[in-house]
Structures are given as C-alpha cells and as structure tokens.
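Single-structure report; data block below.
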Amino acid sequence: MTFRLGIATWGERAPHPDTGELPSPREGFLQLTELARTADRVGLDIVAVGEGHGAEHVNPDPLQLRAAGHGIGVMLNVMEGRWDQLVPYVKAYREALHGFRHSTRGAVGLLLPGLVVSDDDDARSPDALTLAYPHFAASTRTFGAASADEPAWTPEEFREQYGPEGALLVGGVSDVVTKLRAMRETLELDRVLVRVDVNGLPHDAALRTVELLGREVLPALR
C-alpha cells in the first residue's frame, strides 16, 4: 500500500501565547483555505479538517475522512510522550483483524503535531525553537490551552518531545524524514497527518511546513 502524507487542522482561532492576539473568523477561514491550497499545490495526499475542543473554530462542521481500500482502517493520535507507546495498540489491532479473519493487514494512520524547517535554517537553532516552543508547550497536553492542573511544558520537556522518541514532529527536513521512517516501520503506517497550525502558530510558519512536507519530506519517504 502506498504511503500517504498530509496535513490536519482543527481550524481553531487560538490567541497568540505571548500577545493574546486572536485572528478574526474571516482571517482564520482564509488561513485554513490557504493551507489546503498549498498542500494541494505541493502534492500532499490528504487535507483533513476536524474539530477540537477548548478553542474557537472557523469550521462548524468537521469533515469525516476515511481511509480508502480494504480492511478496517484506524487513525491513531499522539500529542505527548513517546510515540512508540502506540506499539501495543497497533499489535492489538492486527491481532483483532486476524481474529476476525480479515485477509488484509488494514490501514494504520497517525496524527501528530508538527513544525518543519529547512535544514539550511538549522532546526536546532534558538530562533526556530523559540518560535515553536510557546505554541506547542501551551496546548498539546490537553488538546487545548494548558490549564493550572496541566501546566505548559518546560523548555526541557519540549526538547524531549521533539527528540527522536518524542511525540512532536518538530525539526529540520532530515530529522523529520528520519523520525517518520522510524514511525512508519515500527507502527506499520500507511499514512501520517501533521497538524500544522497548533495553538496560534504563525501562519507563515504553518505554510512553510506544508511546503517542506510536500516538496522535500514526502519525496524522501517514497
């Protein structure tokens, strides 16, 4: 089965973690549309639009996207921790398929938050990570804004999360490709969706991620 790579968005209108600035509904909708058009232009396979919780959204009716092909497909989601924590779930799914005597191995997909920068930009530079940190740290514990009970990640926790075993797909193209290859092999993935607009991440950074996913990451994985 061909490996597919795409993007996902909740269409959320989240305030900037530092300035509190909130995009208007019109601006949010135009940004969502631009992300989708960019993904199509650079050759990504999927644009998934869903609805989350804990923030305002510009998409009132989530689109339900299903895997094509034979078998019963599953879509896994990881927001924090180690991504290999999903291995037992994939194993149980495969065993269930076998138990029901399905002849196909089924489709397994993964949704995770991401920010991709060019290798030339040095993904580990303070500038790139300073840009990403407040947006990812303030949201990914609870699918919405961090709360007093579940505080934002510390910088040290954030570094662990974008490392090779962490749940975040944050880094330069080569690091992202290496991580996706490991995920694809270990979890037997058929598709990956990258949430590119986490918690008010600047629109130009999200667009750049989409461009790099289509022009550099996907060709390297195929």
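Convention: chains lettered A, B, ... in structure tokens order; per-chain residue numbering from 1; ligands numbered from 1 as shown.
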Requested in this report: Compile the contact shell of region 178-188 of chain A as a PyMOL selection string: residues with an atom at most 9 Å away, counting only C-alpha atoms, same-chain residues fewer than 2 positions apart removed.
Outcome: chain A and resi 3+83-84+86-87+90-91+107-110+163-165+169+173-176+190-192+221
For the residues in that selection, give me N, CA and C atoms as a compact mmCIF listing (two decimals), in the first residue's frame.
# COMPACT_ATOMS: atom_id res chain seq x y z
N PHE A 3 2.40 4.76 0.80
CA PHE A 3 2.43 5.63 1.97
C PHE A 3 1.91 7.01 1.60
N TRP A 83 6.28 8.28 21.06
CA TRP A 83 5.37 7.79 20.03
C TRP A 83 5.30 6.27 20.02
N ASP A 84 6.36 5.59 20.52
CA ASP A 84 6.31 4.13 20.49
C ASP A 84 5.36 3.55 21.55
N LEU A 86 2.44 3.67 21.19
CA LEU A 86 1.33 3.20 20.36
C LEU A 86 1.54 1.77 19.84
N VAL A 87 2.73 1.21 20.02
CA VAL A 87 3.02 -0.13 19.51
C VAL A 87 2.02 -1.17 20.01
N VAL A 90 -1.27 -0.95 18.05
CA VAL A 90 -1.19 -1.48 16.69
C VAL A 90 -1.17 -3.00 16.72
N LYS A 91 -0.43 -3.56 17.66
CA LYS A 91 -0.38 -5.02 17.79
C LYS A 91 -1.76 -5.59 18.07
N ALA A 107 -5.37 -0.61 7.27
CA ALA A 107 -4.65 0.65 7.15
C ALA A 107 -4.49 1.28 8.52
N VAL A 108 -3.27 1.72 8.84
CA VAL A 108 -3.00 2.38 10.11
C VAL A 108 -2.43 3.76 9.82
N GLY A 109 -3.06 4.78 10.38
CA GLY A 109 -2.58 6.14 10.20
C GLY A 109 -2.22 6.77 11.54
N LEU A 110 -1.49 7.88 11.48
CA LEU A 110 -1.05 8.58 12.68
C LEU A 110 -1.22 10.07 12.50
N GLY A 163 12.52 15.32 20.38
CA GLY A 163 13.62 14.39 20.14
C GLY A 163 13.16 13.16 19.39
N PRO A 164 14.07 12.24 19.08
CA PRO A 164 13.75 11.07 18.25
C PRO A 164 12.59 10.22 18.77
N GLU A 165 12.43 10.11 20.09
CA GLU A 165 11.37 9.27 20.65
C GLU A 165 10.13 10.06 21.03
N LEU A 169 6.59 16.29 15.86
CA LEU A 169 7.35 16.23 14.60
C LEU A 169 7.90 17.62 14.32
N VAL A 173 14.19 19.17 7.92
CA VAL A 173 13.68 18.15 6.99
C VAL A 173 14.32 16.79 7.24
N SER A 174 15.63 16.74 7.38
CA SER A 174 16.32 15.45 7.54
C SER A 174 15.91 14.77 8.84
N ASP A 175 15.77 15.55 9.92
CA ASP A 175 15.33 14.97 11.19
C ASP A 175 13.91 14.44 11.09
N VAL A 176 13.05 15.19 10.43
CA VAL A 176 11.65 14.79 10.27
C VAL A 176 11.54 13.52 9.43
N ASP A 190 0.46 3.52 7.12
CA ASP A 190 0.11 3.76 5.73
C ASP A 190 -0.01 5.25 5.43
N ARG A 191 -0.26 6.03 6.48
CA ARG A 191 -0.43 7.47 6.29
C ARG A 191 -0.08 8.21 7.58
N VAL A 192 0.35 9.45 7.40
CA VAL A 192 0.61 10.35 8.52
C VAL A 192 -0.02 11.69 8.20
N LEU A 221 10.45 10.06 1.49
CA LEU A 221 9.83 8.86 2.05
C LEU A 221 9.37 7.89 0.98
Query raised in the report: From the set A:Leu201, A:Leu212, A:Val116, A:Val78, which residue has the shortest atom-to-atom contact distance to Gly166 (chain A), counting only C-alpha atoms?
Result: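 Of all the options, A:Val78 lies closest to Gly166 (chain A).
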Report task. Could you tell me how far CA of Arg215 (chain A) lies from CA of Gly43 (chain A), in Å and to one decimal? Result ->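 These two atoms are separated by 7.6 Å.
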**Report entry** For Ile46 (chain A), the nearest of the candidates A:Val194, A:Leu5, A:Val177, A:Leu111, counting only C-alpha atoms
**Finding:**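 Nearest to Ile46 (chain A): A:Leu5.
Across the structure, CA of Ala92 (chain A) and CA of Met75 (chain A) are spaced 13.8 Å apart.
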Query raised in the report: Which one is closest to Gly6 (chain A): A:Leu131, A:Ala48, A:Val74, A:Leu32? Count only C-alpha atoms.
Result: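 Of A:Leu131, A:Ala48, A:Val74, A:Leu32, the one nearest Gly6 (chain A) is A:Ala48, counting only C-alpha atoms.
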Query raised in the report: Suppose you want the space between CA of Gly81 (chain A) and CA of Arg94 (chain A); what is it in Å?
Result: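 Value for the CA of Gly81 (chain A)-CA of Arg94 (chain A) distance: 22.9 Å.
The residue set within 9 Å of Pro155 (chain A), counting only C-alpha atoms and dropping same-chain residues fewer than 3 places from it, reads Tyr133, Ala137, Phe158, Arg159 and Glu160 of chain A.
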Write out the residues from the selection above, keeping C-alpha atoms, as a PDB file, in the first residue's frame.
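part-v2.pdb, freshly written:
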ATOM      1  CA  TYR A 133       8.016  26.481  21.945  1.00  0.00           C
ATOM      2  CA  ALA A 137       4.022  23.944  25.082  1.00  0.00           C
ATOM      3  CA  PHE A 158       9.763  20.426  24.978  1.00  0.00           C
ATOM      4  CA  ARG A 159      13.253  19.345  23.900  1.00  0.00           C
ATOM      5  CA  GLU A 160      12.403  15.792  24.944  1.00  0.00           C
TER       6      GLU A 160
END
Query raised in the report: Restricting the calculation to only C-alpha atoms, which member of A:Leu76, A:Leu35, A:Ala8, A:Leu44 is positioned closest to Leu218 (chain A)?
Result: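 That would be A:Leu44, the residue with the smallest distance to Leu218 (chain A).
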